[in-house]
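Visitor: I am sharing my_file_28.txt, which consists of compact mmCIF, C-alpha atoms and all ligand atoms:
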# COMPACT_ATOMS: atom_id res chain seq x y z
CA MET A 27 196.07 152.56 192.17
CA THR A 28 192.37 153.18 191.86
CA THR A 29 190.17 155.88 193.30
CA SER A 30 187.30 154.01 194.89
CA ARG A 31 183.71 155.14 195.02
CA GLU A 32 184.06 155.63 198.78
CA ASP A 33 187.09 157.91 198.37
CA LEU A 34 185.01 160.37 196.38
CA LEU A 35 181.84 160.10 198.40
CA HIS A 36 183.61 160.87 201.64
CA ALA A 37 186.23 163.35 200.51
CA GLY A 38 184.08 166.38 201.42
CA LEU A 39 184.49 167.91 197.98
CA ALA A 40 182.32 170.86 196.98
CA PRO A 41 179.39 170.16 194.63
CA ASP A 42 181.02 171.93 191.68
CA THR A 43 184.10 169.74 192.10
CA LEU A 44 181.98 166.61 192.40
CA THR A 45 180.22 167.32 189.10
CA VAL A 46 183.61 166.96 187.45
CA ALA A 47 185.44 164.48 189.69
CA ALA A 48 182.81 161.92 190.71
CA GLY A 49 181.90 158.90 188.63
CA ARG A 50 185.29 158.40 186.96
CA PRO A 51 186.67 154.97 186.05
CA PRO A 52 189.51 153.63 188.24
CA ARG A 53 192.89 155.37 187.83
CA GLU A 54 194.72 152.56 186.10
CA HIS A 55 197.46 152.90 183.54
CA ASP A 56 196.01 153.30 180.04
CA ALA A 57 192.45 153.15 181.36
CA PRO A 58 190.02 155.70 179.86
CA VAL A 59 189.25 158.78 181.99
CA ASN A 60 185.60 158.67 180.86
CA ALA A 61 183.35 155.65 181.28
CA PRO A 62 182.53 153.88 178.03
CA ILE A 63 179.01 153.13 176.79
CA VAL A 64 178.18 149.46 177.29
CA LEU A 65 175.43 148.20 174.99
CA SER A 66 175.34 144.54 176.01
CA THR A 67 172.00 143.16 177.21
CA THR A 68 173.60 140.26 179.04
CA TYR A 69 176.80 139.37 180.91
CA HIS A 70 179.18 136.42 181.01
CA GLU A 71 178.59 133.97 183.80
CA THR A 72 181.63 131.93 184.62
CA ARG A 73 180.08 130.76 187.89
CA ALA A 74 176.63 130.73 189.47
CA PRO A 75 175.50 134.37 189.92
CA VAL A 76 175.42 135.80 193.43
CA GLN A 77 173.60 138.86 194.84
CA GLY A 78 174.88 142.02 193.14
CA ASP A 79 176.08 140.32 189.94
CA ARG A 80 174.91 142.04 186.76
CA VAL A 81 173.44 138.98 184.96
CA TYR A 82 170.96 140.90 182.72
CA ALA A 83 170.79 144.52 181.60
CA ARG A 84 167.31 145.30 182.96
CA GLY A 85 168.86 144.97 186.40
CA SER A 86 172.24 146.59 185.87
CA ASN A 87 174.36 148.34 183.26
CA PRO A 88 177.99 149.51 183.73
CA THR A 89 177.10 152.81 181.97
CA TRP A 90 174.63 153.66 184.76
CA ASP A 91 177.22 153.26 187.52
CA PRO A 92 179.32 156.43 187.06
CA PHE A 93 176.23 158.64 186.68
CA GLU A 94 174.61 157.07 189.75
CA GLU A 95 177.83 157.49 191.74
CA ALA A 96 178.17 161.13 190.71
CA LEU A 97 174.55 162.05 191.48
CA GLY A 98 174.63 160.15 194.79
CA ALA A 99 177.78 162.04 195.75
CA LEU A 100 176.29 165.39 194.66
CA GLU A 101 173.19 164.88 196.79
CA GLY A 102 175.38 163.76 199.70
CA ALA A 103 173.63 160.38 199.88
CA GLY A 104 176.60 158.17 200.68
CA LEU A 105 174.96 155.73 198.23
CA PRO A 106 174.74 155.75 194.44
CA ALA A 107 171.54 157.22 192.96
CA LEU A 108 169.18 155.08 190.87
CA VAL A 109 168.65 156.22 187.30
CA PHE A 110 165.25 155.67 185.61
CA GLY A 111 163.97 155.96 182.05
CA SER A 112 162.20 159.24 182.90
CA GLY A 113 161.40 161.52 185.81
CA LEU A 114 157.90 160.11 185.93
CA GLY A 115 159.31 156.56 185.89
CA ALA A 116 161.25 157.56 189.01
CA ALA A 117 158.09 159.17 190.47
CA ALA A 118 156.15 155.92 189.92
CA ALA A 119 158.84 154.01 191.79
CA ALA A 120 158.81 156.55 194.64
CA LEU A 121 155.00 156.38 194.92
CA SER A 122 155.24 152.57 195.09
CA LEU A 123 156.64 153.06 198.61
CA VAL A 124 153.13 154.03 199.76
CA PRO A 125 151.27 150.90 200.87
CA THR A 126 147.88 150.23 199.27
CA GLY A 127 145.24 152.01 201.32
CA GLY A 128 147.68 154.71 202.44
CA ALA A 129 147.75 158.44 201.64
CA VAL A 130 149.90 160.90 199.70
CA VAL A 131 150.12 164.63 200.42
CA MET A 132 151.25 166.64 197.37
CA PRO A 133 151.68 170.34 196.65
CA ARG A 134 148.66 171.55 194.67
CA HIS A 135 151.17 173.14 192.30
CA ALA A 136 153.52 170.17 192.01
CA TYR A 137 154.68 169.32 188.50
CA ALA A 138 151.50 168.52 186.54
CA GLY A 139 152.77 165.06 185.53
CA SER A 140 153.42 164.06 189.16
CA LEU A 141 149.94 165.27 190.13
CA SER A 142 148.34 163.40 187.21
CA LEU A 143 150.22 160.20 188.08
CA ALA A 144 149.21 160.41 191.75
CA ALA A 145 145.60 161.22 190.79
CA ASP A 146 145.55 158.22 188.45
CA LEU A 147 146.83 155.89 191.19
CA ALA A 148 144.34 157.40 193.66
CA ALA A 149 141.49 156.81 191.17
CA GLN A 150 142.56 153.17 190.99
CA GLY A 151 142.21 152.94 194.75
CA ARG A 152 145.95 152.67 195.47
CA PHE A 153 145.94 155.52 197.99
CA GLU A 154 144.16 158.69 199.03
CA LEU A 155 145.55 161.90 197.49
CA ARG A 156 145.48 165.19 199.40
CA THR A 157 146.80 168.40 197.88
CA VAL A 158 148.14 171.32 199.93
CA ASP A 159 149.67 174.76 199.54
CA VAL A 160 153.26 173.70 200.19
CA ALA A 161 154.30 177.24 201.14
CA ASP A 162 151.73 177.20 203.98
CA THR A 163 153.78 175.29 206.56
CA ALA A 164 151.03 175.29 209.21
CA GLY A 165 148.48 174.06 206.67
CA VAL A 166 150.70 171.16 205.56
CA ILE A 167 151.37 170.14 209.17
CA GLU A 168 147.64 170.30 209.90
CA GLU A 169 146.97 167.95 206.96
CA LEU A 170 149.68 165.55 208.18
CA SER A 171 148.20 165.53 211.70
CA ALA A 172 144.71 164.86 210.35
CA LEU A 173 146.04 161.92 208.33
CA ALA A 174 148.07 160.62 211.30
CA ALA A 175 144.79 160.21 213.16
CA ARG A 176 143.46 157.93 210.40
CA PHE A 177 146.54 156.12 209.11
CA ASP A 178 149.29 154.03 210.69
CA ALA A 179 152.95 155.07 210.63
CA GLY A 180 154.50 154.26 207.25
CA GLN A 181 151.19 154.58 205.38
CA VAL A 182 151.52 158.27 204.52
CA MET A 183 153.91 159.96 202.10
CA LEU A 184 154.64 163.70 202.07
CA TRP A 185 155.67 164.72 198.55
CA LEU A 186 157.59 167.98 198.42
CA GLU A 187 158.60 170.03 195.43
CA SER A 188 160.46 173.25 196.06
CA PRO A 189 160.38 175.59 194.30
CA THR A 190 157.21 174.34 192.63
CA ASN A 191 156.80 174.12 188.86
CA PRO A 192 155.79 176.73 187.60
CA MET A 193 154.53 178.81 190.58
CA LEU A 194 157.95 178.84 192.29
CA GLU A 195 156.52 178.48 195.78
CA VAL A 196 159.19 177.69 198.37
CA ALA A 197 158.59 175.09 201.08
CA GLU A 198 160.27 174.90 204.48
CA LEU A 199 161.84 171.53 203.76
CA ALA A 200 163.50 170.76 207.09
CA VAL A 201 160.50 171.89 209.17
CA LEU A 202 158.00 169.92 207.07
CA THR A 203 160.23 166.83 206.98
CA GLU A 204 160.60 166.85 210.75
CA ALA A 205 156.85 167.24 211.20
CA ALA A 206 156.16 164.45 208.69
CA HIS A 207 158.62 162.09 210.37
CA ALA A 208 157.03 162.83 213.75
CA THR A 209 153.77 161.42 212.36
CA GLY A 210 155.55 158.40 210.83
CA ALA A 211 155.26 159.67 207.24
CA ILE A 212 157.93 159.17 204.59
CA VAL A 213 159.17 162.23 202.70
CA VAL A 214 160.04 162.56 199.01
CA ALA A 215 161.42 165.80 197.58
CA ASP A 216 161.43 166.62 193.86
CA ASN A 217 164.71 168.56 193.54
CA THR A 218 164.49 169.08 189.77
CA PHE A 219 164.29 172.89 189.93
CA ASN A 220 167.07 173.44 192.45
CA THR A 221 169.54 170.72 191.47
CA PRO A 222 172.14 169.68 194.09
CA ILE A 223 174.13 172.79 193.18
CA VAL A 224 171.45 174.94 194.84
CA HIS A 225 170.07 172.58 197.50
CA ARG A 226 170.56 169.07 198.84
CA PRO A 227 167.28 167.97 200.51
CA LEU A 228 168.75 164.80 202.06
CA ALA A 229 170.60 167.13 204.45
CA SER A 230 167.16 168.37 205.60
CA GLY A 231 166.25 164.78 206.50
CA VAL A 232 164.21 164.04 203.35
CA ASP A 233 164.07 160.27 202.70
CA VAL A 234 164.10 160.20 198.90
CA VAL A 235 165.15 162.88 196.39
CA LEU A 236 163.68 162.81 192.90
CA HIS A 237 165.08 164.34 189.72
CA SER A 238 163.82 164.77 186.25
CA VAL A 239 167.36 164.34 184.88
CA THR A 240 165.84 165.50 181.58
CA LYS A 241 166.04 169.07 182.87
CA TRP A 242 169.07 170.78 184.47
CA LEU A 243 171.17 167.71 185.27
CA ALA A 244 171.50 166.50 181.68
CA GLY A 245 171.02 170.10 180.60
CA HIS A 246 170.93 169.92 176.81
CA SER A 247 167.30 169.03 176.02
CA ASP A 248 168.41 165.81 174.37
CA VAL A 249 167.67 163.04 176.87
CA VAL A 250 164.65 161.98 178.93
CA LEU A 251 165.75 160.42 182.22
CA GLY A 252 164.90 160.40 185.90
CA ALA A 253 166.63 159.51 189.15
CA LEU A 254 166.01 158.78 192.81
CA VAL A 255 168.52 159.26 195.61
CA THR A 256 168.32 158.07 199.21
CA THR A 257 170.64 157.65 202.18
CA ASP A 258 168.75 154.55 203.32
CA PRO A 259 170.13 151.23 201.93
CA ALA A 260 166.83 149.39 202.60
CA LEU A 261 164.80 152.02 200.73
CA ARG A 262 167.30 151.92 197.88
CA GLU A 263 166.86 148.15 197.65
CA ARG A 264 163.08 148.52 197.38
CA LEU A 265 163.37 151.22 194.71
CA LEU A 266 165.92 149.17 192.79
CA ALA A 267 163.63 146.12 192.93
CA HIS A 268 160.76 148.27 191.61
CA ARG A 269 162.91 149.56 188.74
CA THR A 270 164.03 146.07 187.75
CA LEU A 271 160.56 144.54 187.98
CA HIS A 272 158.53 147.36 186.42
CA GLY A 273 161.22 147.96 183.83
CA ALA A 274 161.43 151.78 183.73
CA ILE A 275 165.13 151.56 182.93
CA ALA A 276 167.37 154.02 181.14
CA GLY A 277 169.16 153.47 177.84
CA PRO A 278 172.96 153.44 178.21
CA PHE A 279 173.50 156.19 175.63
CA GLU A 280 171.08 158.53 177.43
CA VAL A 281 172.86 157.98 180.73
CA TRP A 282 176.24 158.58 179.12
CA LEU A 283 174.90 161.89 177.73
CA ALA A 284 173.49 162.77 181.16
CA LEU A 285 176.89 162.29 182.81
CA ARG A 286 178.51 164.36 180.09
CA GLY A 287 175.94 167.07 180.74
CA LEU A 288 176.40 166.82 184.50
CA ARG A 289 180.10 167.73 184.13
CA THR A 290 179.10 171.34 183.35
CA LEU A 291 176.09 171.57 185.69
CA ALA A 292 177.72 174.02 188.10
CA LEU A 293 178.80 176.38 185.32
CA ARG A 294 175.45 176.19 183.56
CA MET A 295 173.56 176.84 186.80
CA GLU A 296 175.83 179.74 187.67
CA ARG A 297 175.14 181.40 184.33
CA SER A 298 171.42 180.59 184.21
CA GLN A 299 170.87 181.84 187.74
CA ALA A 300 172.78 185.06 187.19
CA THR A 301 170.82 185.78 184.01
CA ALA A 302 167.51 184.76 185.61
CA ALA A 303 168.14 187.21 188.46
CA SER A 304 169.00 190.03 186.12
CA LEU A 305 165.96 189.37 183.90
CA ALA A 306 163.64 189.08 186.93
CA HIS A 307 164.79 192.45 188.28
CA ARG A 308 164.24 194.14 184.92
CA LEU A 309 160.90 192.42 184.34
CA VAL A 310 159.54 193.86 187.59
CA ASP A 311 159.72 197.32 186.02
CA HIS A 312 158.42 196.25 182.62
CA PRO A 313 155.14 197.94 181.68
CA GLY A 314 153.80 194.77 180.02
CA VAL A 315 154.32 192.51 183.07
CA ARG A 316 151.76 192.28 185.89
CA ARG A 317 153.73 190.10 188.25
CA VAL A 318 157.13 188.42 188.37
CA ARG A 319 157.70 185.25 190.38
CA TYR A 320 161.35 184.55 191.17
CA PRO A 321 162.60 183.54 194.64
CA GLY A 322 165.66 185.74 194.12
CA LEU A 323 163.56 188.92 194.13
CA PRO A 324 163.49 190.46 197.63
CA SER A 325 159.78 191.18 197.06
CA ASP A 326 159.00 187.49 196.31
CA PRO A 327 156.98 185.66 199.01
CA GLY A 328 159.52 182.79 198.95
CA HIS A 329 162.63 185.00 199.07
CA ALA A 330 163.51 184.79 202.77
CA ARG A 331 162.99 181.02 202.85
CA ALA A 332 164.97 180.45 199.68
CA ALA A 333 167.78 182.68 200.94
CA SER A 334 168.01 180.80 204.24
CA GLN A 335 167.75 177.27 202.80
CA PHE A 336 169.31 177.39 199.35
CA ASP A 337 172.65 178.30 197.79
CA GLY A 338 170.94 180.14 194.94
CA PHE A 339 167.57 180.99 193.41
CA GLY A 340 167.49 178.81 190.30
CA GLY A 341 167.13 179.51 186.62
CA ILE A 342 163.33 179.63 186.25
CA VAL A 343 161.33 182.86 186.22
CA SER A 344 157.54 182.95 185.86
CA ILE A 345 155.73 186.09 184.73
CA GLU A 346 152.06 186.97 184.63
CA LEU A 347 150.74 189.07 181.78
CA ASP A 348 147.43 190.88 181.32
CA ASP A 349 145.57 188.00 179.67
CA VAL A 350 145.92 184.78 177.66
CA GLU A 351 146.05 186.64 174.34
CA THR A 352 148.97 188.77 175.49
CA ALA A 353 150.74 185.72 176.90
CA ASP A 354 150.27 183.76 173.67
CA ALA A 355 151.36 186.80 171.64
CA LEU A 356 154.54 187.02 173.73
CA VAL A 357 155.40 183.37 173.12
CA ALA A 358 154.68 183.87 169.40
CA SER A 359 156.79 187.05 169.20
CA VAL A 360 160.14 185.91 170.62
CA ARG A 361 162.88 185.21 168.12
CA LEU A 362 165.73 183.95 170.34
CA TRP A 363 163.80 182.27 173.16
CA LEU A 364 162.38 178.96 171.97
CA PRO A 365 158.63 178.44 172.35
CA ALA A 366 158.63 174.92 173.80
CA THR A 367 157.79 172.99 176.93
CA SER A 368 160.45 171.57 179.28
CA LEU A 369 163.23 173.47 181.01
CA GLY A 370 166.79 173.35 182.26
CA GLY A 371 168.60 173.18 178.91
CA VAL A 372 171.35 175.44 177.59
CA GLU A 373 168.76 177.07 175.34
CA SER A 374 166.21 179.47 176.85
CA LEU A 375 162.62 178.21 176.60
CA ILE A 376 159.31 180.02 177.00
CA GLU A 377 155.88 178.51 177.59
CA ARG A 378 152.39 179.52 178.72
CA ARG A 379 151.80 176.62 181.08
CA ARG A 380 148.00 176.57 181.14
CA ARG A 381 147.94 175.59 177.46
CA GLN A 382 148.68 172.12 178.89
CA PRO A 383 145.36 170.48 179.80
CA ALA A 384 146.86 168.73 182.86
CA GLU A 385 148.12 171.98 184.42
CA PRO A 386 146.37 172.74 187.74
CA LYS A 387 143.54 175.26 187.25
CA THR A 388 144.92 177.46 190.04
CA VAL A 389 147.96 178.29 187.88
CA PRO A 390 147.06 181.66 186.27
CA GLU A 391 146.03 181.40 182.60
CA ALA A 392 148.35 184.24 181.62
CA LEU A 393 151.41 182.85 183.44
CA VAL A 394 154.42 182.35 181.21
CA ARG A 395 157.33 180.23 182.43
CA LEU A 396 160.82 181.21 181.38
CA SER A 397 163.61 178.64 181.52
CA VAL A 398 166.75 180.71 181.35
CA GLY A 399 169.59 179.19 179.36
CA ILE A 400 173.21 180.23 178.91
CA GLU A 401 172.96 182.64 175.98
CA ASN A 402 174.22 186.20 176.33
CA PRO A 403 171.99 187.89 178.95
CA GLU A 404 171.61 191.11 176.94
CA ASP A 405 170.49 189.22 173.85
CA LEU A 406 167.90 187.37 175.96
CA TRP A 407 166.66 190.62 177.47
CA ALA A 408 166.49 192.46 174.15
CA ASP A 409 164.42 189.66 172.61
CA LEU A 410 162.10 189.38 175.60
CA ASP A 411 161.66 193.13 175.99
CA LYS A 412 160.83 193.56 172.31
CA ALA A 413 158.40 190.62 172.29
CA LEU A 414 156.73 191.89 175.48
CA ARG A 415 156.20 195.36 174.02
CA HIS A 416 154.89 193.85 170.82
CA ALA A 417 152.55 191.46 172.66
CA SER A 418 151.15 194.10 174.98
CA GLY A 419 150.57 196.58 172.15
CA ARG A 420 153.17 198.93 173.57
CA TYR A 421 155.40 198.40 170.62
CA PRO A 422 153.51 199.02 167.37
CA THR A 423 154.25 197.10 164.19
CA ASN A 424 155.23 199.28 161.24
CA THR A 425 152.10 199.19 159.09
CA THR A 426 153.81 199.87 155.77
CA THR A 427 156.53 197.23 156.04
CA GLY A 428 154.77 194.82 158.40
CA THR A 429 158.00 194.65 160.37
CA THR A 430 158.46 195.57 163.97
CA ASP A 431 159.65 199.14 164.28
CA THR A 432 162.68 198.92 166.56
CA THR A 433 163.10 202.69 166.73
CA GLU A 434 160.12 202.87 169.12
CA VAL A 435 161.82 200.93 171.89
CA PRO A 436 162.30 203.38 174.76
CA ALA A 437 165.73 203.35 176.36
CA ARG A 438 165.84 201.04 179.34
C1 LIG B 1 159.75 167.43 184.01
C2 LIG B 1 159.54 167.24 185.44
C3 LIG B 1 159.24 165.97 185.96
C4 LIG B 1 159.02 164.76 185.08
O1 LIG B 1 160.21 164.32 184.48
P1 LIG B 1 160.26 163.61 183.04
O2 LIG B 1 161.72 163.39 182.86
O3 LIG B 1 159.65 164.55 182.05
O4 LIG B 1 159.48 162.34 183.12
C5 LIG B 1 159.11 165.85 187.33
N1 LIG B 1 159.25 166.92 188.16
C6 LIG B 1 159.52 168.14 187.68
C7 LIG B 1 159.64 169.28 188.64
C8 LIG B 1 159.66 168.36 186.32
O5 LIG B 1 159.92 169.59 185.86
Would you kindly transcribe this structure into structure tokens?
Ligand SMILES: *Cc1c(COP(=O)(O)O)cnc(C)c1O

Guide:
Amino acid sequence: MTTSREDLLHAGLAPDTLTVAAGRPPREHDAPVNAPIVLSTTYHETRAPVQGDRVYARGSNPTWDPFEEALGALEGAGLPALVFGSGLGAAAAALSLVPTGGAVVMPRHAYAGSLSLAADLAAQGRFELRTVDVADTAGVIEELSALAARFDAGQVMLWLESPTNPMLEVAELAVLTEAAHATGAIVVADNTFNTPIVHRPLASGVDVVLHSVTKWLAGHSDVVLGALVTTDPALRERLLAHRTLHGAIAGPFEVWLALRGLRTLALRMERSQATAASLAHRLVDHPGVRRVRYPGLPSDPGHARAASQFDGFGGIVSIELDDVETADALVASVRLWLPATSLGGVESLIERRRRQPAEPKTVPEALVRLSVGIENPEDLWADLDKALRHASGRYPTNTTTGTTDTTEVPAR
């Protein structure tokens, strides 16, 4: 007997179970329990192809199917996801849903790449781009109403990202989605930071969910991939047609790795979130840190919203230091944290975001984003604490040996 796609999608299993159980090959005697990697670019035709046949590997690959089933199930879509060659490839497909001459509303602190892509399309005259403070619910609704007066239904897209990268602002997803739909706008939510373990935006009525699979979902900093998920079969058809025609497809090996990574998503998130929370609480009291942004901190402006909407607070913490020099010195001083861009891998990464030219200018220059991995929390803290003291001059270097004098670390 086989376990069909529908069985899993409708079984009401918890997300952590779905990460393991969804996207398995049929239960047949001697069949493999993990999907194989299929590298063929073309498929046998023993009759004239009909709608849905594979035919050619730009349109379909058997290695995509289990990953798309698993992610679709995790987001509660009732339909398989669509995997793309990168998160931005998926973003380009999502933005293609906006008709020429329409408008897109984006958080002013959305992921810099999404903002750059939308700005590029706007400069080409594809659509008008408006940016908003996504945490300011009334402000976003005001913008949507203003656009509704100038555009027809279906011409406007509200692009949500929550929490935002790297400012960690939290949007009221259900409220904003309802308001957007009332004006006839379509809603996309970038769920990269939360992952379906923490939040499933389709349940808030969002039309399309976007993932940079590169980050938490694949989780090992070794594949670049993206995905879109929707509950609407007609929208999925349009997005699939865009993927096939524009060609932003994923390599089979990358998708196989992503499914392998997805199997441990719940465990990785559990660990990263627990460590992120513990680091955030300790960083608040650190003399070298001006401000800590983490939705899990009761003092954080997004805390109440995150607590009421999400099943967790994520694995990203952003800190503000005194100035750029201190921030750069921190990144240069860590020994365990890896100074690198990206996020969501098993290894903890640290980056001053404004070093990227595309980063919005309203992101503080001295903001450092921490992507918390799964290493021992005390090792991560010790390294960060030491590097912070060193960077902020509160932890003098031994002048005779040139080494950092660990005896001067005050007890914590
Ligand atoms: C990285 C990222 C993207 C872009 O994904 P790529 O896989 O790098 O193309 C989109 N959104 C967010 C929030 C991201 O962090």

Visitor: May I ask you to write as a PyMOL selection string all residues lying at most 9 Å from ligand LIG 1 (chain B), with all atoms listed in the file counted?

Guide: chain A and resi 110-117+136-140+187-192+216-219+236-241+249-253+368-370

Visitor: Separation of CA of Pro327 (chain A) and CA of Arg226 (chain A), in Å?

Guide: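 It comes out at 21.4 Å.
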
Visitor: Quick one: residues within 6 Å of Leu254 (chain A), all atoms listed in the file, excluding same-chain residues fewer than 3 positions away - as a PyMOL selection string?

Guide: chain A and resi 107-108+235-236

Visitor: Filtering to C-alpha atoms, could you give me those residues as a short mmCIF file (atom, residue, chain, number, x, y, z; two decimals), keeping the file's coordinate frame?

Guide:
data_model
loop_
_atom_site.label_atom_id
_atom_site.label_comp_id
_atom_site.auth_asym_id
_atom_site.auth_seq_id
_atom_site.Cartn_x
_atom_site.Cartn_y
_atom_site.Cartn_z
CA ALA A 107 171.54 157.22 192.96
CA LEU A 108 169.18 155.08 190.87
CA VAL A 235 165.15 162.88 196.39
CA LEU A 236 163.68 162.81 192.90
#

Visitor: Just to confirm, what's the straight-line distance from CA of Asp159 (chain A) to CA of Leu100 (chain A) in Å (one decimal)?

Guide: 28.6 Å

Visitor: Counting all atoms listed in the file, note down every residue that has an atom within 12 Å of the point (160.6, 183.0, 168.0) (file coordinates), as a list in words.

Guide: Asp354, Ala355, Leu356, Val357, Ala358, Ser359, Val360, Arg361, Leu362, Trp363, Leu364, Pro365, Ala366, Ser374, Leu375, Ile376, Glu377, Leu406, Asp409, Leu410, Lys412 and Ala413 of chain A

Visitor: Given the choices A:Asp337, A:Glu101, A:Glu195, A:Asp178, which gets closest to Leu39 (chain A) if the distance is worked out from all atoms listed in the file?

Guide: A:Glu101

Visitor: Tell me which residues come within 10 Å of (154.3, 152.3, 195.8), as an MDAnalysis selection string, counting only C-alpha atoms in the file's coordinates.

Guide: chainID A and resid 117:126 128 147 152:153 183 264:265 268

Visitor: Which residue, A:Ala384, A:Val76, A:Leu288, A:Ala211, has the smallest gap to Glu95 (chain A) when you use all atoms listed in the file?

Guide: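 Ranked by minimum distance to Glu95 (chain A), first place goes to A:Leu288.
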
Visitor: Would you compute, for all listed atoms of region 60-63 of chain A, the axis-aligned bounding box grown by 4 Å on each side, and then report its centre and edge lengths in Å rounded to one decimal, as AutoDock Vina command-line options?

Guide:
--center_x 182.3 --center_y 155.9 --center_z 179.0 --size_x 14.6 --size_y 13.5 --size_z 12.5

Visitor: Contacts of Leu393 (chain A) at 8 Å or less, counting only C-alpha atoms, minus same-chain residues fewer than 6 places along, as a PyMOL selection string?

Guide: chain A and resi 344-347+353+378-380

Visitor: From the list A:Val46, A:Gly127, A:Glu169, A:Leu396, which residue is nearest Gln150 (chain A) when using only C-alpha atoms?

Guide: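 Checking each of A:Val46, A:Gly127, A:Glu169, A:Leu396 against Gln150 (chain A), counting only C-alpha atoms, the winner is A:Gly127.
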
Visitor: At a cut-off of 10 Å, using all atoms listed in the file, what residues contact Gly102 (chain A)? Leave out same-chain residues fewer than 5 positions from it and give the result as a list in words.

Guide: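 The residues that qualify are Leu35, His36, Gly38, Pro41, Ala96, Leu97, Pro222, Arg226, Pro227, Leu228, Ala229, Val255, Thr256 and Thr257 of chain A.
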
Visitor: Here is a test: counting all atoms listed in the file, which residue of A:Arg286, A:His329, A:His312, A:Arg50 is nearest to Asp91 (chain A)?

Guide: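 Using all atoms listed in the file, Asp91 (chain A) sits closest to A:Arg50.
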
Visitor: Selecting N, CA, C and O atoms, how would region 159-170 of chain A from this structure be written as a short mmCIF file (atom, residue, chain, number, x, y, z; two decimals), in the first residue's frame?

Guide:
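The resulting file, selection_20.cif, is reproduced below:
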data_model
loop_
_atom_site.label_atom_id
_atom_site.label_comp_id
_atom_site.auth_asym_id
_atom_site.auth_seq_id
_atom_site.Cartn_x
_atom_site.Cartn_y
_atom_site.Cartn_z
N ASP A 159 6.50 51.45 6.95
CA ASP A 159 6.94 50.84 8.21
C ASP A 159 5.92 49.74 8.50
O ASP A 159 4.77 50.02 8.86
N VAL A 160 6.34 48.49 8.32
CA VAL A 160 5.38 47.38 8.38
C VAL A 160 4.83 47.14 9.79
O VAL A 160 3.80 46.51 9.97
N ALA A 161 5.53 47.69 10.80
CA ALA A 161 5.04 47.55 12.17
C ALA A 161 3.95 48.59 12.48
O ALA A 161 3.24 48.47 13.47
N ASP A 162 3.83 49.59 11.61
CA ASP A 162 2.83 50.65 11.80
C ASP A 162 1.56 50.25 11.03
O ASP A 162 1.36 50.64 9.88
N THR A 163 0.72 49.47 11.67
CA THR A 163 -0.47 48.89 11.02
C THR A 163 -1.33 49.98 10.38
O THR A 163 -1.72 49.86 9.20
N ALA A 164 -1.60 51.05 11.13
CA ALA A 164 -2.46 52.13 10.60
C ALA A 164 -1.82 52.76 9.37
O ALA A 164 -2.51 53.06 8.38
N GLY A 165 -0.51 52.95 9.41
CA GLY A 165 0.20 53.56 8.29
C GLY A 165 0.12 52.69 7.03
O GLY A 165 -0.05 53.20 5.92
N VAL A 166 0.26 51.38 7.21
CA VAL A 166 0.19 50.47 6.05
C VAL A 166 -1.22 50.50 5.45
O VAL A 166 -1.40 50.58 4.23
N ILE A 167 -2.22 50.48 6.33
CA ILE A 167 -3.62 50.49 5.85
C ILE A 167 -3.92 51.80 5.12
O ILE A 167 -4.59 51.81 4.09
N GLU A 168 -3.37 52.88 5.65
CA GLU A 168 -3.54 54.19 5.00
C GLU A 168 -2.95 54.16 3.58
O GLU A 168 -3.57 54.64 2.62
N GLU A 169 -1.77 53.60 3.45
CA GLU A 169 -1.11 53.49 2.14
C GLU A 169 -1.97 52.65 1.18
O GLU A 169 -2.16 53.00 0.02
N LEU A 170 -2.50 51.53 1.70
CA LEU A 170 -3.34 50.65 0.87
C LEU A 170 -4.60 51.38 0.41
O LEU A 170 -5.02 51.24 -0.75
#
